[in-house]
Amino acid sequence: MVETTTNWFEACRVEDAVQNGGVCVKCGEEQIALFYFTRRNEWYATQNLCPHRRQMALSRGMIGSVGEDPKIACPFHKKTFSLSTGECLSGDECAIQTYPVKVEDGFVYIGLQN
Amino acid sequence: MNQKTVVVIGNGMVGHKFCEKLAAKSDNFKIIVFGEEPRRAYDRVHLSEYFNGKTAEDLSLSHENWYNEQNIILHLGDPVKEIDRENKTIHSSKGLILNYDYLVLATGSSAFVPDIPGVDKDGVFVYRTIEDLELIKNYALNAKTGSVLGGGLLGLEAAKALIDLNLKETHVIEFAPRLMPRQIDSAGSQMLQTKLSTLGLSIYTNKGTSSIEGENRIEYLKFNDGSELKTDILVISAGIRPRDELAKLCGIEVGTRGGILVNEAMQTSDPSVFAIGECALFNHNIYGLIAPGYEMAEVVAANLCEGDKTFHGFDMSTKLKLIGVDVASFGDPFITEPDSRSILFEDTHKGIYKRINISNDGKYLLGGILIGEAEAYNMLLQTVNNKIALPPNPEDLILGSRGGSSQTENAGLAGLPDDALICSCEGVSKGSICNAVSLEGCESVDAIKKCTKAGTGCGGCIPMVKDLMVHTMKENGKYIRNVVCEHFQLSRQELYDLIKIHNLKSYEQVLDNVGKGDGCEICKPLVSSLLASIWNDMILKRGNDTAQDSNDRFLANIQKGGTYSVVPRIPGGEIKPEKLVIIGEVAEKYGLYTKITGGQRIDMFGAHLSDLPLIWEELIAAGFESGHAYGKALRTVKSCVGSTWCRFGLHDSVSYAIRIEERYRGLRAPHKLKSAVSGCIRECAEAQSKDFGIIATEKGWNLYVCGNGGSKPQHALLLASDVDSDTCIKYIDRFLMFYIRTADPLTRTAPWLNKMEGGIEYLRNVVVNDSLGMAAQWEIEMQNIVNSYQCEWKTAIEDPEIRKRFNHFVNAPEEKDPSIKFDEMRGQKKAANWTTA
Ligand code: SRM
Ligand SMILES: Cc1cc2nc3c(=O)[nH]c(=O)nc-3n(C[C@H](O)[C@H](O)[C@H](O)COP(=O)(O)OP(=O)(O)OC[C@H]3O[C@@H](n4cnc5c(N)ncnc54)[C@H](O)[C@@H]3O)c2cc1C
Ligand code: SF4
Ligand code: FES
């Protein structure tokens, strides 16, 4: 992969995030959904907008897995998306944007590409 | 190797499919595409969904970078205006001149507009492209009456679209003596016409239009018979005309009535030029459907790659979508004696007409027509296409075998040959689907779609794909238990027992003990519902909150746009004026739309997530509690006014409804529960349409169970008669516990009973005669649940940890979601439509 400069945006404290679920992070004008899997101790971030009916909703969806792959189901019509690649797992919708996440000193950061 | 250049003219459905196929088969071609429309190829078949909120991007057949990734050069908004066959070049409107080795014409067709005086007036449209629909949508804002010229497949679809655009009146004008003359016979048309009238369409057949009248814009239509019809908007759907103008211009042979002549290899009169899709004329036919177009694309792509494929014509079977009435026609729908015999079924009461044509020897199905009920379409089509021998009583095919078993259907699937075409849009055979299941391990419809593309075109074959999948899994010795999902290899009932036995209290505990992986959107709400049914803990207890379905997680129904609705409980529908005032005040303060629901209470819509706790704080202070409109739980117990006021009332139905609603309020179940109490047999509370309903009799109450409204309404059945109030409640306790314990997820009481062996007799034995010996235990369990009831909203607003979850932004808790938009209607607000950004 090509190294690009990543700008780490401070999203929230670890304890503000929802365990095994999502929260919505305001990032300037953008809305980013941040997910926390406690049993895997993994974090994921994606766009909050569900491409299906363009609803700002993914952070309110249910997380889970298919095989090993972590996924998110939109609360509106339960379209599912892979959290690792952003790919739509329910056939037809287009992929969603994903962002890297890191945790440092109790804070969660989302990596934005500049 | 030297790359050959293939130029494709037209980026419609078939042109795009051709690119997909050729790119998948070979790297030896340089593909260049010219499209006249401003956007990438989109799904014209589902064009009408543009009116239901699908965006142009939703309809697109490829993602944004697809052409780039395939190294295909795409020129959009640049129609080709000339072909120079001698020099093998094309000239585009923007002035590009390019060489080709092969040229593929995929120019489709345009709407045929008859030469009627006035067709150029404002307000007259055709129905073919996204731009057409945009124009119609805008114009319809100021229109009250709409008309469609043409009662064929597309005309009816356009008419339905006009209804959906909220026009007050919609008319369909057909020149022929009947609707859909090319697909269905006159008896079928008659039935269809009756059905469509009930949807609010006025239909005129045998009507020739002589002129379109109006100053600048259309005002009315004049007909040959002298009559007139006022209309503000007109959509012309009188047939299609193949776009053969380019071909004609460069001397390629075209048919006398239009269409580019092609042979079996889709070659035109110039061997290096091909034509596919709706512009191609094969064997005197224009194929105005997507499946044959895709097949033509396959033929050319294969032949360019040195394959050897030919086109042999195509079956024109169709199933009409969207209109609200099932219509299908397959094989040869019209064939009659002496060439065949027909079996007809007509039910004017339900509006069903079915016809099948069978060979004289009774062995084969030749074709048919289905109106009003077309579930059998896929199987019948397969029976025709694969020449499957008919059963001894072919009438069973349309009447169902009246001995009452679904055996025949599976026998049918097994009998299909491997090359039976299941998905004709994508050309996927039974064999490929079975292989995907057996060899690739696809065990869900989504997986099969991904792997084979079956079901991704018009979608009509999906029920059959699913049946085939289940069938194949069974064949492979996979014991298809009704397991919950990949995370729990257990049925709901097994899970219920395990949770109880192991005393599991949270989703995570259940997953640790009896599941695997991280869970998903199927098992999470299901386990949550079980936990709530068994322990009746507050559903948002930490750890369980994120395992709830969205509506349960936020204790409110999520709405279009991302706001929520608020429904306080109003037991039995009885409410004091002071409380009505409170609802009014709260709604006004938070800017909520108010409406009386079908469940005898009041819904306030359009609340921002962060306002929910504030709203509920005020409601609870005024004595309201959650109405559980969001949960798979007891919703409402409706009542009629009963003996306190009504001159016919036998008992006080309101008091009894309140008692029942307060007893079972919020009870979590496999699906939602509804009830009602009527004060006499006039049944003003509609108790017989409920999961459990009670009707007063001279001697007590009659208890009915397992009814519902919804898409498949079913009347409740009498479980016990003339029982007193306490006994009735005892029976309801038992009935509900039995249901909660044994029903499959998301199964209402009616389908639960339908699947129960022994039916209502068996249920009565269990509930009334205690044949399982469970009655006492169930009554205790129910009493425990009743005793531990708490208003979830009260608990939620009192717990700061839970309250925190009702903010939209974790890092800006005071801000609302800026993307939420409302429109105004009749002095209140409404959610803005699904839209593009
Ligand atoms: C608000 C209300 C319509 C109204 O304005 O009147 C309504 C609104 C919804 N109904 Fe209903 N139903 C409403 C009365 C009914 C009724 C009438 C009744 O209860 O007497 C029925 C038919 C009776 C029945 O259920 O048997 C009804 C049959 C359904 C069904 C079909 C159920 C079925 O078994 O087929 C669904 C779909 C489902 O639950 O899966 C549904 C689902 C829905 C949902 C929850 C869809 C959803 O998941 O978002 C709607 C929520 C709208 C929202 O945004 O808040 N609604 N719904 C009514 C609320 C009643 C209440 O006070 O709680
Ligand atoms: C409302 C509606 C509903 C339908 N429903 C169904 C259905 O339920 N089932 C079914 O099977 N079929 C249905 N159809 C028919 C189906 O959409 C068509 O059969 C299919 O789109 C034909 O594909 P095509 O590529 O041949 O033509 P099109 O999809 O029309 O594509 C042709 C493209 O070529 C472009 N073009 C023309 N000339 C030039 C030029 N000189 N240079 C560059 N570009 C050019 C056109 O602008 C167009 O974009 C429906 C059609 C409509 C309009
Ligand atoms: S059901 Fe009977 S008691 Fe109730 S309103 Fe109707 S007539 Fe009166
Ligand atoms: S809006 Fe997300 S699935 Fe429909």
# chains A, B, ... in the order shown; residues from 1 in each chain; ligands from 1
call {"tool": "residues_near_ligand", "arguments": {"ligand": "ligand 3", "cutoff": "12 Å", "atoms": "only C-alpha atoms and all ligand atoms", "output": "ChimeraX atom specification"}}
result
/B:638-654,657,676-688,694-698
call {"tool": "residues_around", "arguments": {"residues": "Lys79 in chain A", "least_positions_apart": "5", "cutoff": "7 Å", "atoms": "only C-alpha atoms", "output": "PyMOL selection string"}}
result
chain A and resi 73-74+90
call {"tool": "closest_atom_pairs", "arguments": {"of": "chain B", "to": "chain A", "cutoff": "9 Å", "atoms": "only C-alpha atoms", "output": "JSON lines"}}
result
{"residue": "B:Gly53", "atom": "CA", "partner": "A:Arg53", "partner_atom": "CA", "distance": 7.4}
{"residue": "B:Lys54", "atom": "CA", "partner": "A:Arg53", "partner_atom": "CA", "distance": 7.2}
{"residue": "B:Thr55", "atom": "CA", "partner": "A:Arg53", "partner_atom": "CA", "distance": 8.2}
{"residue": "B:Glu57", "atom": "CA", "partner": "A:Cys94", "partner_atom": "CA", "distance": 9.0}
{"residue": "B:Asp58", "atom": "CA", "partner": "A:Glu93", "partner_atom": "CA", "distance": 7.1}
{"residue": "B:Ser62", "atom": "CA", "partner": "A:Cys94", "partner_atom": "CA", "distance": 8.9}
{"residue": "B:His63", "atom": "CA", "partner": "A:Cys94", "partner_atom": "CA", "distance": 6.6}
{"residue": "B:Asp446", "atom": "CA", "partner": "A:Ser90", "partner_atom": "CA", "distance": 5.9}
{"residue": "B:Ala447", "atom": "CA", "partner": "A:Gly91", "partner_atom": "CA", "distance": 8.3}
{"residue": "B:Lys449", "atom": "CA", "partner": "A:Gly91", "partner_atom": "CA", "distance": 6.7}
{"residue": "B:Lys450", "atom": "CA", "partner": "A:Gly91", "partner_atom": "CA", "distance": 6.3}
{"residue": "B:Thr456", "atom": "CA", "partner": "A:Asp92", "partner_atom": "CA", "distance": 7.8}
{"residue": "B:Glu486", "atom": "CA", "partner": "A:Val66", "partner_atom": "CA", "distance": 7.8}
{"residue": "B:His487", "atom": "CA", "partner": "A:Ser65", "partner_atom": "CA", "distance": 8.8}
{"residue": "B:Gly517", "atom": "CA", "partner": "A:Ser65", "partner_atom": "CA", "distance": 6.6}
{"residue": "B:Asp518", "atom": "CA", "partner": "A:Gly64", "partner_atom": "CA", "distance": 5.0}
{"residue": "B:Gly519", "atom": "CA", "partner": "A:Gly64", "partner_atom": "CA", "distance": 4.8}
{"residue": "B:Cys520", "atom": "CA", "partner": "A:Gly64", "partner_atom": "CA", "distance": 4.1}
{"residue": "B:Glu521", "atom": "CA", "partner": "A:Met62", "partner_atom": "CA", "distance": 5.8}
{"residue": "B:Lys524", "atom": "CA", "partner": "A:Met62", "partner_atom": "CA", "distance": 8.2}
{"residue": "B:Arg542", "atom": "CA", "partner": "A:Gln19", "partner_atom": "CA", "distance": 8.8}
{"residue": "B:Gly543", "atom": "CA", "partner": "A:Gln19", "partner_atom": "CA", "distance": 7.3}
{"residue": "B:Asp545", "atom": "CA", "partner": "A:Gly21", "partner_atom": "CA", "distance": 8.8}
{"residue": "B:Thr546", "atom": "CA", "partner": "A:Gly21", "partner_atom": "CA", "distance": 5.5}
{"residue": "B:Ala547", "atom": "CA", "partner": "A:Met62", "partner_atom": "CA", "distance": 7.0}
{"residue": "B:Gln548", "atom": "CA", "partner": "A:Met62", "partner_atom": "CA", "distance": 8.0}
{"residue": "B:Asp549", "atom": "CA", "partner": "A:Met62", "partner_atom": "CA", "distance": 7.5}
{"residue": "B:Ser550", "atom": "CA", "partner": "A:Pro75", "partner_atom": "CA", "distance": 5.6}
{"residue": "B:Asn551", "atom": "CA", "partner": "A:Pro75", "partner_atom": "CA", "distance": 8.4}
{"residue": "B:Arg553", "atom": "CA", "partner": "A:Arg60", "partner_atom": "CA", "distance": 8.8}
{"residue": "B:Ile558", "atom": "CA", "partner": "A:Phe76", "partner_atom": "CA", "distance": 7.7}
{"residue": "B:Gln559", "atom": "CA", "partner": "A:Phe76", "partner_atom": "CA", "distance": 8.4}
{"residue": "B:Lys560", "atom": "CA", "partner": "A:Gln55", "partner_atom": "CA", "distance": 8.0}
{"residue": "B:Gly561", "atom": "CA", "partner": "A:Gln55", "partner_atom": "CA", "distance": 6.1}
{"residue": "B:Gly562", "atom": "CA", "partner": "A:Met56", "partner_atom": "CA", "distance": 6.8}
{"residue": "B:Lys804", "atom": "CA", "partner": "A:Asp16", "partner_atom": "CA", "distance": 9.0}
{"residue": "B:Arg805", "atom": "CA", "partner": "A:Val18", "partner_atom": "CA", "distance": 8.2}
{"residue": "B:Asn807", "atom": "CA", "partner": "A:Cys24", "partner_atom": "CA", "distance": 8.8}
{"residue": "B:His808", "atom": "CA", "partner": "A:Cys24", "partner_atom": "CA", "distance": 6.3}
{"residue": "B:Phe809", "atom": "CA", "partner": "A:Cys24", "partner_atom": "CA", "distance": 5.0}
{"residue": "B:Val810", "atom": "CA", "partner": "A:Val25", "partner_atom": "CA", "distance": 5.7}
{"residue": "B:Asn811", "atom": "CA", "partner": "A:Val25", "partner_atom": "CA", "distance": 6.0}
{"residue": "B:Ala812", "atom": "CA", "partner": "A:Lys26", "partner_atom": "CA", "distance": 6.9}
{"residue": "B:Asp817", "atom": "CA", "partner": "A:Met56", "partner_atom": "CA", "distance": 8.2}
{"residue": "B:Ser819", "atom": "CA", "partner": "A:Met56", "partner_atom": "CA", "distance": 7.4}
{"residue": "B:Ile820", "atom": "CA", "partner": "A:Met56", "partner_atom": "CA", "distance": 8.5}
{"residue": "B:Trp834", "atom": "CA", "partner": "A:Arg53", "partner_atom": "CA", "distance": 6.1}
{"residue": "B:Thr835", "atom": "CA", "partner": "A:Arg54", "partner_atom": "CA", "distance": 7.1}
{"residue": "B:Thr836", "atom": "CA", "partner": "A:Arg54", "partner_atom": "CA", "distance": 7.0}
{"residue": "B:Ala837", "atom": "CA", "partner": "A:Arg54", "partner_atom": "CA", "distance": 7.6}
call {"tool": "closest_residue", "arguments": {"among": "B:Gly259, B:Gly707, B:Pro271, B:Pro292", "to": "ligand 2", "atoms": "only C-alpha atoms and all ligand atoms"}}
result
B:Pro292
call {"tool": "atom_distance", "arguments": {"atom1": "CA of Lys21 in chain B", "atom2": "atom 35 (C, counted along the ligand's line) of ligand 2"}}
result
18.6 Å
call {"tool": "closest_residue", "arguments": {"among": "A:Asp105, A:Leu58, A:Glu15, A:Ile110", "to": "Ser82 in chain A", "atoms": "only C-alpha atoms"}}
result
A:Leu58
